[in-house]
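model.txt (compact mmCIF, C-alpha atoms and all ligand atoms)
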# COMPACT_ATOMS: atom_id res chain seq x y z
CA MET A 758 -17.84 -4.69 18.50
CA ARG A 759 -15.28 -1.88 18.58
CA ALA A 760 -14.08 -0.10 15.41
CA THR A 761 -12.14 2.97 14.35
CA LEU A 762 -13.91 6.08 13.05
CA ILE A 763 -12.58 9.44 11.93
CA TYR A 764 -14.58 12.59 12.70
CA GLY A 765 -12.23 15.16 11.19
CA ALA A 766 -8.59 16.16 11.00
CA GLY A 767 -6.72 14.78 14.01
CA ASP A 768 -9.94 13.28 15.42
CA VAL A 769 -9.79 9.46 15.35
CA ARG A 770 -11.96 7.55 17.84
CA VAL A 771 -12.50 3.90 18.71
CA GLU A 772 -16.18 3.27 19.33
CA GLU A 773 -18.81 0.60 19.78
CA VAL A 774 -20.53 -0.18 16.44
CA PRO A 775 -23.09 -2.85 15.47
CA ASP A 776 -21.68 -6.37 15.12
CA PRO A 777 -21.38 -7.33 11.45
CA THR A 778 -23.77 -9.97 10.13
CA LEU A 779 -24.04 -11.84 6.82
CA GLN A 780 -26.20 -9.68 4.53
CA GLN A 781 -25.63 -11.31 1.13
CA PRO A 782 -25.05 -14.98 0.27
CA THR A 783 -21.66 -13.86 -1.11
CA ASP A 784 -20.54 -12.35 2.24
CA ALA A 785 -18.18 -13.72 4.87
CA LEU A 786 -17.54 -12.59 8.42
CA VAL A 787 -13.92 -12.21 9.42
CA ARG A 788 -12.52 -11.63 12.90
CA VAL A 789 -9.58 -9.26 12.47
CA VAL A 790 -6.24 -10.54 13.79
CA HIS A 791 -3.96 -7.85 12.32
CA ALA A 792 -4.75 -4.53 10.68
CA CYS A 793 -2.67 -1.44 10.06
CA VAL A 794 -2.65 2.27 9.33
CA CYS A 795 -1.96 3.29 5.72
CA GLY A 796 -0.11 6.37 4.56
CA SER A 797 -3.29 7.23 2.66
CA ASP A 798 -5.25 7.22 5.97
CA LEU A 799 -3.13 10.23 6.88
CA TRP A 800 -4.65 12.38 4.13
CA PRO A 801 -8.06 12.64 5.91
CA TYR A 802 -6.22 12.67 9.26
CA ARG A 803 -4.50 15.86 8.15
CA SER A 804 -7.28 17.60 6.25
CA MET A 805 -10.79 16.13 6.73
CA ALA A 806 -13.50 18.68 7.62
CA ALA A 807 -15.19 17.99 10.97
CA SER A 808 -18.21 15.70 10.65
CA GLU A 809 -21.03 14.75 13.03
CA GLN A 810 -21.32 11.06 12.23
CA GLY A 811 -17.75 10.04 11.47
CA SER A 812 -16.48 7.54 8.89
CA ARG A 813 -15.16 4.04 9.42
CA MET A 814 -11.45 3.54 8.69
CA GLY A 815 -9.04 0.86 7.55
CA HIS A 816 -8.56 -1.14 4.35
CA GLU A 817 -5.71 -3.50 5.25
CA PHE A 818 -6.41 -6.56 7.41
CA LEU A 819 -5.98 -10.25 7.85
CA GLY A 820 -8.07 -12.42 10.10
CA VAL A 821 -9.99 -15.62 10.72
CA VAL A 822 -13.18 -16.52 8.87
CA GLU A 823 -16.06 -16.93 11.34
CA ASP A 824 -18.97 -17.56 8.98
CA VAL A 825 -19.66 -17.63 5.24
CA GLY A 826 -22.76 -17.04 3.13
CA SER A 827 -24.43 -19.85 1.16
CA GLU A 828 -22.79 -18.87 -2.16
CA VAL A 829 -19.22 -18.75 -0.83
CA SER A 830 -17.15 -21.83 -1.61
CA GLY A 831 -13.52 -22.57 -0.86
CA LEU A 832 -13.59 -20.74 2.46
CA ASN A 833 -14.55 -22.16 5.84
CA ALA A 834 -14.83 -21.01 9.42
CA GLY A 835 -11.38 -21.09 10.97
CA ASP A 836 -9.44 -20.21 7.78
CA LEU A 837 -6.82 -17.49 8.11
CA VAL A 838 -7.26 -15.03 5.23
CA VAL A 839 -5.83 -11.77 3.93
CA ALA A 840 -7.98 -9.12 2.26
CA PRO A 841 -6.72 -6.81 -0.49
CA PHE A 842 -7.51 -3.12 -0.04
CA VAL A 843 -10.33 -3.25 -2.63
CA TRP A 844 -12.96 -6.00 -2.53
CA ALA A 845 -13.90 -7.63 -5.83
CA ASP A 846 -15.68 -10.66 -7.31
CA ASN A 847 -12.45 -11.74 -9.08
CA THR A 848 -14.53 -13.09 -12.00
CA CYS A 849 -15.73 -10.13 -14.10
CA ASP A 850 -13.92 -8.97 -17.25
CA PHE A 851 -11.80 -6.37 -15.42
CA CYS A 852 -10.87 -8.86 -12.70
CA THR A 853 -9.82 -11.49 -15.24
CA GLU A 854 -7.61 -8.82 -16.82
CA GLY A 855 -5.95 -8.34 -13.41
CA LEU A 856 -7.66 -5.04 -12.69
CA GLN A 857 -9.67 -5.93 -9.60
CA THR A 858 -9.65 -2.27 -8.57
CA SER A 859 -12.11 -1.68 -11.46
CA CYS A 860 -14.29 -4.71 -10.60
CA ARG A 861 -17.87 -4.32 -11.86
CA HIS A 862 -19.19 -5.73 -8.57
CA GLY A 863 -16.50 -4.50 -6.18
CA GLY A 864 -15.88 -1.53 -3.96
CA LEU A 865 -13.91 0.07 -1.17
CA TRP A 866 -13.76 -0.80 2.51
CA ALA A 867 -15.18 1.58 5.11
CA ARG A 868 -17.82 3.18 2.95
CA ASP A 869 -21.36 2.60 1.69
CA GLY A 870 -22.23 0.31 4.59
CA VAL A 871 -19.11 -1.83 4.30
CA ASP A 872 -16.95 -2.22 7.42
CA GLY A 873 -13.42 -0.86 7.72
CA GLY A 874 -10.43 -3.02 8.54
CA GLN A 875 -9.46 -1.13 11.70
CA GLY A 876 -11.94 -2.90 13.94
CA GLU A 877 -12.62 -6.20 15.64
CA ALA A 878 -14.51 -7.77 12.74
CA VAL A 879 -15.49 -7.14 9.13
CA ARG A 880 -18.33 -8.21 6.87
CA VAL A 881 -16.52 -9.04 3.62
CA PRO A 882 -18.59 -8.60 0.44
CA GLN A 883 -17.74 -10.85 -2.55
CA ALA A 884 -15.78 -12.96 -0.06
CA GLN A 885 -14.89 -15.78 -2.43
CA GLY A 886 -13.24 -13.43 -4.88
CA THR A 887 -11.77 -11.05 -2.32
CA LEU A 888 -10.17 -13.18 0.38
CA VAL A 889 -7.01 -15.21 -0.06
CA LYS A 890 -6.47 -18.16 2.26
CA LEU A 891 -3.13 -18.26 4.09
CA PRO A 892 -1.53 -21.64 4.89
CA VAL A 893 -0.34 -20.64 8.38
CA GLY A 894 -1.87 -20.34 11.84
CA GLU A 895 -2.84 -17.11 13.52
CA ASP A 896 0.19 -17.40 15.83
CA SER A 897 2.65 -17.41 12.88
CA ALA A 898 5.56 -14.98 13.04
CA LEU A 899 4.94 -14.31 9.33
CA LEU A 900 1.69 -12.44 9.97
CA PRO A 901 3.09 -8.88 9.72
CA SER A 902 4.69 -9.70 6.34
CA LEU A 903 1.52 -11.47 5.18
CA LEU A 904 -0.51 -8.40 6.18
CA THR A 905 1.54 -6.26 3.78
CA LEU A 906 -0.04 -8.28 0.94
CA SER A 907 -3.21 -6.27 1.64
CA ASP A 908 -1.79 -3.10 0.20
CA VAL A 909 1.69 -1.76 0.78
CA PHE A 910 3.82 -4.53 -0.76
CA PRO A 911 1.61 -5.09 -3.86
CA THR A 912 1.48 -1.31 -4.26
CA GLY A 913 5.28 -1.11 -4.38
CA HIS A 914 5.28 -4.14 -6.70
CA HIS A 915 2.66 -2.58 -8.99
CA CYS A 916 4.74 0.57 -9.25
CA ALA A 917 7.77 -1.47 -10.34
CA VAL A 918 5.75 -3.69 -12.71
CA LYS A 919 4.11 -0.72 -14.46
CA ALA A 920 7.55 0.86 -14.86
CA GLY A 921 8.81 -2.33 -16.52
CA VAL A 922 11.58 -2.91 -13.96
CA ASN A 923 13.80 -5.87 -14.91
CA PRO A 924 17.47 -6.91 -14.55
CA ARG A 925 18.51 -4.45 -17.27
CA THR A 926 16.80 -1.35 -15.86
CA THR A 927 18.27 1.12 -13.41
CA VAL A 928 15.77 2.40 -10.88
CA THR A 929 15.21 5.50 -8.77
CA VAL A 930 12.68 5.19 -5.95
CA ILE A 931 11.37 8.52 -4.64
CA GLY A 932 10.17 8.32 -1.04
CA ASP A 933 11.32 6.40 2.03
CA GLY A 934 7.86 5.70 3.43
CA ALA A 935 6.48 2.17 3.64
CA VAL A 936 5.42 2.23 -0.04
CA GLY A 937 8.81 3.51 -1.22
CA LEU A 938 10.62 0.82 0.77
CA SER A 939 8.23 -1.80 -0.61
CA ALA A 940 9.00 -0.53 -4.12
CA VAL A 941 12.71 -1.04 -3.43
CA LEU A 942 12.03 -4.61 -2.28
CA ALA A 943 9.84 -5.26 -5.34
CA ALA A 944 12.37 -3.75 -7.77
CA ARG A 945 15.10 -5.95 -6.32
CA ARG A 946 12.81 -8.98 -6.56
CA LEU A 947 12.27 -8.19 -10.26
CA GLY A 948 16.02 -8.26 -10.76
CA ALA A 949 17.07 -4.59 -10.73
CA GLU A 950 20.73 -4.29 -9.76
CA ARG A 951 21.03 -0.52 -9.45
CA ILE A 952 18.40 1.02 -7.16
CA ILE A 953 18.79 4.62 -6.01
CA LEU A 954 16.56 5.45 -3.03
CA MET A 955 15.71 9.11 -2.46
CA GLY A 956 14.79 9.71 1.17
CA ARG A 957 16.07 11.71 4.10
CA HIS A 958 15.18 9.59 7.15
CA LYS A 959 18.31 7.57 7.86
CA ASP A 960 16.62 4.74 9.79
CA ARG A 961 14.23 4.26 6.86
CA THR A 962 16.85 4.45 4.12
CA ASP A 963 18.97 1.97 6.15
CA LEU A 964 16.07 -0.49 5.87
CA GLY A 965 15.88 0.45 2.18
CA ARG A 966 19.51 -0.64 1.77
CA GLU A 967 18.66 -3.97 3.40
CA PHE A 968 15.72 -4.26 0.99
CA GLY A 969 18.07 -3.78 -1.98
CA ALA A 970 18.83 -0.08 -2.50
CA THR A 971 22.39 0.35 -3.78
CA ASP A 972 22.57 4.12 -3.34
CA VAL A 973 20.79 6.57 -1.08
CA VAL A 974 20.23 10.22 -1.94
CA ALA A 975 19.20 12.22 1.12
CA GLU A 976 19.14 15.58 -0.66
CA ARG A 977 15.86 16.92 -2.02
CA GLY A 978 14.88 19.27 -4.85
CA GLU A 979 17.65 20.52 -7.15
CA ASP A 980 20.39 19.05 -4.94
CA GLY A 981 18.77 15.62 -5.01
CA ILE A 982 18.33 15.76 -8.80
CA GLU A 983 21.99 16.73 -9.21
CA LYS A 984 23.05 13.84 -7.00
CA VAL A 985 21.10 11.28 -9.06
CA HIS A 986 22.61 12.73 -12.25
CA GLU A 987 26.09 12.42 -10.70
CA LEU A 988 25.42 8.77 -9.87
CA THR A 989 24.20 7.98 -13.40
CA GLY A 990 26.70 9.76 -15.62
CA GLY A 991 24.29 12.65 -16.10
CA ASP A 992 21.54 10.50 -17.64
CA GLY A 993 19.18 9.56 -14.82
CA THR A 994 17.66 6.07 -14.49
CA HIS A 995 15.55 4.00 -16.90
CA THR A 996 12.70 3.88 -14.41
CA VAL A 997 11.54 6.15 -11.60
CA LEU A 998 9.09 4.92 -8.97
CA GLU A 999 7.27 7.89 -7.41
CA CYS A 1000 5.97 6.79 -4.01
CA VAL A 1001 5.23 10.11 -2.31
CA GLY A 1002 2.26 11.69 -4.08
CA LEU A 1003 3.20 15.34 -3.79
CA LYS A 1004 4.03 17.78 -6.63
CA PRO A 1005 7.76 18.15 -5.82
CA ALA A 1006 8.14 14.36 -6.01
CA ILE A 1007 6.65 14.07 -9.52
CA GLU A 1008 8.77 17.06 -10.62
CA THR A 1009 11.86 15.29 -9.31
CA ALA A 1010 10.74 12.10 -11.10
CA PHE A 1011 10.72 13.76 -14.53
CA ALA A 1012 14.09 15.36 -13.78
CA VAL A 1013 15.84 12.09 -12.85
CA VAL A 1014 14.34 9.78 -15.49
CA ARG A 1015 16.58 8.87 -18.42
CA ASP A 1016 15.44 9.83 -21.93
CA GLY A 1017 13.10 7.11 -23.19
CA GLY A 1018 12.43 6.03 -19.61
CA VAL A 1019 9.33 5.46 -17.50
CA VAL A 1020 7.95 7.32 -14.49
CA SER A 1021 5.52 5.17 -12.47
CA ARG A 1022 3.52 6.62 -9.60
CA VAL A 1023 1.55 5.00 -6.82
CA GLY A 1024 1.75 7.63 -4.09
CA ALA A 1025 -2.00 8.49 -4.20
CA PRO A 1026 -1.20 11.76 -6.05
CA GLN A 1027 -2.36 14.89 -4.26
CA TYR A 1028 -1.72 17.12 -7.29
CA PRO A 1029 -4.12 17.67 -10.22
CA GLU A 1030 -1.54 18.27 -12.95
CA VAL A 1031 1.68 16.59 -14.00
CA PRO A 1032 4.55 18.57 -15.50
CA MET A 1033 4.66 16.78 -18.88
CA ASP A 1034 5.73 19.75 -20.97
CA PHE A 1035 7.36 19.96 -24.41
CA ASP A 1036 10.74 19.12 -22.89
CA VAL A 1037 9.39 15.84 -21.47
CA PHE A 1038 7.74 15.11 -24.84
CA MET A 1039 11.06 15.60 -26.63
CA ARG A 1040 12.67 13.13 -24.20
CA ASN A 1041 10.09 10.38 -24.88
CA VAL A 1042 9.29 9.87 -21.22
CA THR A 1043 6.30 7.66 -20.34
CA LEU A 1044 4.09 8.26 -17.29
CA THR A 1045 2.28 5.27 -15.84
CA GLY A 1046 1.18 3.80 -12.51
CA GLY A 1047 -2.10 4.06 -10.65
CA VAL A 1048 -4.01 2.28 -7.93
CA ALA A 1049 -2.59 -1.21 -7.36
CA PRO A 1050 -4.87 -4.19 -8.00
CA ALA A 1051 -3.39 -5.95 -4.95
CA ARG A 1052 -5.64 -8.99 -5.46
CA ALA A 1053 -3.93 -9.65 -8.83
CA TYR A 1054 -0.52 -9.99 -7.19
CA ILE A 1055 -1.11 -11.82 -3.89
CA GLU A 1056 -0.65 -15.38 -5.21
CA GLU A 1057 2.54 -14.34 -7.02
CA LEU A 1058 4.10 -12.60 -4.01
CA LEU A 1059 2.89 -15.05 -1.35
CA PRO A 1060 5.52 -17.82 -1.80
CA ASP A 1061 8.46 -15.44 -1.27
CA VAL A 1062 6.84 -14.24 1.97
CA LEU A 1063 5.95 -17.74 3.18
CA ASP A 1064 9.48 -19.09 2.70
CA GLY A 1065 11.04 -16.02 4.32
CA THR A 1066 12.90 -14.85 1.18
CA LEU A 1067 11.21 -11.47 1.55
CA GLU A 1068 10.24 -9.75 4.80
CA PRO A 1069 8.07 -6.81 3.74
CA GLY A 1070 6.62 -6.75 7.28
CA ARG A 1071 9.82 -5.07 8.47
CA VAL A 1072 8.15 -1.76 7.53
CA PHE A 1073 6.09 -2.10 10.74
CA ASP A 1074 7.98 -0.40 13.53
CA ARG A 1075 5.19 0.03 16.06
CA THR A 1076 2.33 -2.16 17.28
CA VAL A 1077 -0.80 -0.82 18.98
CA THR A 1078 -4.02 -2.26 20.39
CA LEU A 1079 -7.33 -1.15 18.95
CA GLU A 1080 -7.82 1.33 21.80
CA GLU A 1081 -4.40 2.84 20.97
CA VAL A 1082 -5.21 3.42 17.28
CA PRO A 1083 -5.63 7.22 17.68
CA GLU A 1084 -2.08 7.32 19.10
CA GLY A 1085 -0.93 5.19 16.16
CA TYR A 1086 -2.30 7.76 13.68
CA ARG A 1087 -0.58 10.55 15.60
CA ALA A 1088 2.76 8.69 15.62
CA MET A 1089 2.61 8.08 11.87
CA ALA A 1090 1.48 11.63 11.08
CA ASP A 1091 4.38 13.01 13.21
CA ARG A 1092 6.75 10.57 11.46
CA GLU A 1093 7.66 8.91 14.75
CA ALA A 1094 6.48 5.62 13.29
CA LEU A 1095 7.03 4.36 9.74
CA LYS A 1096 3.97 2.08 9.72
CA VAL A 1097 1.72 1.05 12.58
CA LEU A 1098 0.44 -2.50 13.09
CA ILE A 1099 -2.86 -2.94 14.93
CA ARG A 1100 -3.72 -6.01 17.02
CA PRO A 1101 -7.40 -5.67 17.92
ZN ZN B 1201 -14.68 -8.13 -10.85
File written out as structure tokens:
Amino acid sequence: MRATLIYGAGDVRVEEVPDPTLQQPTDALVRVVHACVCGSDLWPYRSMAASEQGSRMGHEFLGVVEDVGSEVSGLNAGDLVVAPFVWADNTCDFCTEGLQTSCRHGGLWARDGVDGGQGEAVRVPQAQGTLVKLPVGEDSALLPSLLTLSDVFPTGHHCAVKAGVNPRTTVTVIGDGAVGLSAVLAARRLGAERIILMGRHKDRTDLGREFGATDVVAERGEDGIEKVHELTGGDGTHTVLECVGLKPAIETAFAVVRDGGVVSRVGAPQYPEVPMDFDVFMRNVTLTGGVAPARAYIEELLPDVLDGTLEPGRVFDRTVTLEEVPEGYRAMADREALKVLIRP
């Protein structure tokens, strides 16, 4: 089969790799129908040191089950399924607490002999716990939105949940990438009525308004902070959802959060330290967030996607074939595309 590998910064290739086979009785084989490129895939795309053997890529996919191991029940060949971006047994103590990203028998896609999602097929470990069956056919127009349940929509949702967003909280979302826009959609879904979106790409913030943002702040740095203060009577918002992952974004977050408020971050932080100094201490600001246990949220978010109430798949603005995946990475890295859908 064909799959995507990265060999270094800017060097993504689609190559022939061995066909996946069932290795454990808990495995399933899935033929990939839709996959996509994640903002976090762009970190190695921008900075990875050149390597001889290359690494498989992709952790977001949905597809059709082709075969299951002897210990997998509840899944059959022909089922359409979505996979969260971390595989897990969904039965251990962490999983039962809703923290499948810490599963005692789980792991990440595209490493340690596990396939990546950006390919024609995937061997899925812990298939019964990992995969969620979708009650639609593979020709459904809902597939792009259902694919976002792999990562980007639950990640935005997790950010809002950890922040404690509810109908009484005002919200600032930092970042107009696919995660930031998903956070807007999730905050609205949780009942927030005032959502300030900080982002400077008009086409993206326009979608953010359709997702529920009530105000858009295009300015960055001090100007952006001042603007949020102007909009909130000088106080800032109860919650701030940091969906960028760079130092200036977390600095802005602490500057626009209201005293006693919560900063939640999901933007795969690329900074080692957070600016929680004495001033932040005196303001009783809480920092939370972290990697999203997407598996914990799929059943909760699925009905709103199935009935068309929410269309998180609108973050996809370009579709490529598997052979065109390198071009998809380039388009996302150059910010020509917001999020790229792959149809192998
Ligand atoms: Zn587990």
Taking only residues of chain A that have an atom at most 8 Å from an atom of ligand ZN 1201 (chain B), what is each one's shortest atom pair and its distance in Å to one decimal, using all atoms listed in the file, in chain and number order, as a Markdown table?
| residue | atom | partner | partner_atom | distance |
| --- | --- | --- | --- | --- |
| A:Ala845 | CA | B:ZN1201 | ZN | 5.1 |
| A:Asp846 | CA | B:ZN1201 | ZN | 4.5 |
| A:Asn847 | CA | B:ZN1201 | ZN | 4.6 |
| A:Thr848 | CA | B:ZN1201 | ZN | 5.1 |
| A:Cys849 | CA | B:ZN1201 | ZN | 4.0 |
| A:Asp850 | CA | B:ZN1201 | ZN | 6.5 |
| A:Phe851 | CA | B:ZN1201 | ZN | 5.7 |
| A:Cys852 | CA | B:ZN1201 | ZN | 4.3 |
| A:Thr853 | CA | B:ZN1201 | ZN | 7.4 |
| A:Leu856 | CA | B:ZN1201 | ZN | 7.9 |
| A:Gln857 | CA | B:ZN1201 | ZN | 5.6 |
| A:Ser859 | CA | B:ZN1201 | ZN | 7.0 |
| A:Cys860 | CA | B:ZN1201 | ZN | 3.5 |
| A:Arg861 | CA | B:ZN1201 | ZN | 5.1 |
| A:His862 | CA | B:ZN1201 | ZN | 5.6 |
| A:Gly863 | CA | B:ZN1201 | ZN | 6.2 |
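Atom CA of A:Thr1078 lies 28.4 Å from atom CA of A:Glu967.
Picture a line from atom CA of A:Val909 to atom CA of A:Thr989; it runs 28.3 Å.
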Name all residues at most 8 Å from A:Val794 (count all atoms listed in the file; drop same-chain ones fewer than 2 positions away) and give them as number ranges by chain. A: 792, 796, 798, 815, 817, 875, 1085-1086, 1096-1099
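For the pair atom CA of A:Val1077 and atom CA of A:Met758, the separation is 17.5 Å.
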All residues 12 Å or closer to A:Arg946, only C-alpha atoms, same chain fewer than 6 positions away omitted, as a short mmCIF file (atom, residue, chain, number, x, y, z; two decimals) with C-alpha atoms, in the coordinates of the input:
data_model
loop_
_atom_site.label_atom_id
_atom_site.label_comp_id
_atom_site.auth_asym_id
_atom_site.auth_seq_id
_atom_site.Cartn_x
_atom_site.Cartn_y
_atom_site.Cartn_z
CA PHE A 910 3.82 -4.53 -0.76
CA GLY A 913 5.28 -1.11 -4.38
CA HIS A 914 5.28 -4.14 -6.70
CA ALA A 917 7.77 -1.47 -10.34
CA VAL A 918 5.75 -3.69 -12.71
CA VAL A 922 11.58 -2.91 -13.96
CA ASN A 923 13.80 -5.87 -14.91
CA PRO A 924 17.47 -6.91 -14.55
CA SER A 939 8.23 -1.80 -0.61
CA ALA A 940 9.00 -0.53 -4.12
CA ILE A 952 18.40 1.02 -7.16
CA PHE A 968 15.72 -4.26 0.99
CA GLY A 969 18.07 -3.78 -1.98
CA ALA A 970 18.83 -0.08 -2.50
CA GLU A 1057 2.54 -14.34 -7.02
CA LEU A 1058 4.10 -12.60 -4.01
CA ASP A 1061 8.46 -15.44 -1.27
CA VAL A 1062 6.84 -14.24 1.97
CA THR A 1066 12.90 -14.85 1.18
CA LEU A 1067 11.21 -11.47 1.55
CA GLU A 1068 10.24 -9.75 4.80
CA PRO A 1069 8.07 -6.81 3.74
#
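Shortest atom-to-atom contact with A:Trp844 among A:Met1033, A:Val1019, A:Ala785, A:Ala807: A:Ala785, counting only C-alpha atoms.
The residue that comes closest to A:Arg1040, out of A:Gly991, A:Gly1017, A:Gly811, A:Pro901 and on the basis of only C-alpha atoms, is A:Gly1017.
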So that I can see what lies close to A:Val889, please list as a VMD selection string the residues with an atom at most 8 Å from it, counting all atoms listed in the file and leaving out residues fewer than 3 positions away in the same chain. chain A and resid 838 to 840 1055
Dump of C-alpha atoms for the selected residues, as a PDB file, in the coordinates of the input:
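After the write, result.pdb holds the following:
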ATOM      1  CA  VAL A 838      -7.260 -15.030   5.230  1.00  0.00           C
ATOM      2  CA  VAL A 839      -5.830 -11.770   3.930  1.00  0.00           C
ATOM      3  CA  ALA A 840      -7.980  -9.120   2.260  1.00  0.00           C
ATOM      4  CA  ILE A1055      -1.110 -11.820  -3.890  1.00  0.00           C
TER       5      ILE A1055
END
Quick one: residues within 12 Å of A:Gly921, all atoms listed in the file counted, chain neighbours fewer than 3 positions away excluded, as a JSON list (two decimals) with C-alpha atoms, keeping the file's coordinate frame?
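Below you can see around_31.json, which holds the result:
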[["chain", "number", "residue", "atom", "x", "y", "z"],
["A", 914, "HIS", "CA", 5.28, -4.14, -6.70],
["A", 915, "HIS", "CA", 2.66, -2.58, -8.99],
["A", 916, "CYS", "CA", 4.74, 0.57, -9.25],
["A", 917, "ALA", "CA", 7.77, -1.47, -10.34],
["A", 918, "VAL", "CA", 5.75, -3.69, -12.71],
["A", 924, "PRO", "CA", 17.47, -6.91, -14.55],
["A", 925, "ARG", "CA", 18.51, -4.45, -17.27],
["A", 926, "THR", "CA", 16.80, -1.35, -15.86],
["A", 927, "THR", "CA", 18.27, 1.12, -13.41],
["A", 928, "VAL", "CA", 15.77, 2.40, -10.88],
["A", 943, "ALA", "CA", 9.84, -5.26, -5.34],
["A", 944, "ALA", "CA", 12.37, -3.75, -7.77],
["A", 947, "LEU", "CA", 12.27, -8.19, -10.26],
["A", 948, "GLY", "CA", 16.02, -8.26, -10.76],
["A", 949, "ALA", "CA", 17.07, -4.59, -10.73],
["A", 995, "HIS", "CA", 15.55, 4.00, -16.90],
["A", 996, "THR", "CA", 12.70, 3.88, -14.41],
["A", 997, "VAL", "CA", 11.54, 6.15, -11.60],
["A", 998, "LEU", "CA", 9.09, 4.92, -8.97],
["A", 1018, "GLY", "CA", 12.43, 6.03, -19.61],
["A", 1019, "VAL", "CA", 9.33, 5.46, -17.50],
["A", 1020, "VAL", "CA", 7.95, 7.32, -14.49],
["A", 1021, "SER", "CA", 5.52, 5.17, -12.47],
["A", 1043, "THR", "CA", 6.30, 7.66, -20.34],
["A", 1044, "LEU", "CA", 4.09, 8.26, -17.29],
["A", 1045, "THR", "CA", 2.28, 5.27, -15.84],
["A", 1046, "GLY", "CA", 1.18, 3.80, -12.51]]
Minimum-distance residue to A:Val941, chosen among A:Val843, A:Lys959, A:Gly965, A:His791 (using all atoms listed in the file): A:Gly965
For each of A:Val1014, A:Val789, A:Ala898, A:Val1072, take the minimum atom-to-atom distance to A:Thr994, counting all atoms listed in the file, then give the residue where this is smallest. A:Val1014
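The nearest approach to A:Gln781 among the residues A:Gly874, A:Gly1065, A:Pro882, A:Pro801, with only C-alpha atoms taken into account, belongs to A:Pro882.
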Stretch 983-986 of chain A: which residues within 10 Å, counting only C-alpha atoms, same-chain residues fewer than 5 positions away excluded, as JSON, numbers by chain? {"A": [929, 953, 954, 955, 972, 973, 974, 975, 976, 977, 978, 991, 992, 993, 994, 1012, 1013, 1014, 1015]}
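Take the candidates A:Glu1081, A:Glu823, A:Glu772, A:Asp963 and check each one against A:Val787 using only C-alpha atoms; the shortest distance goes to A:Glu823.
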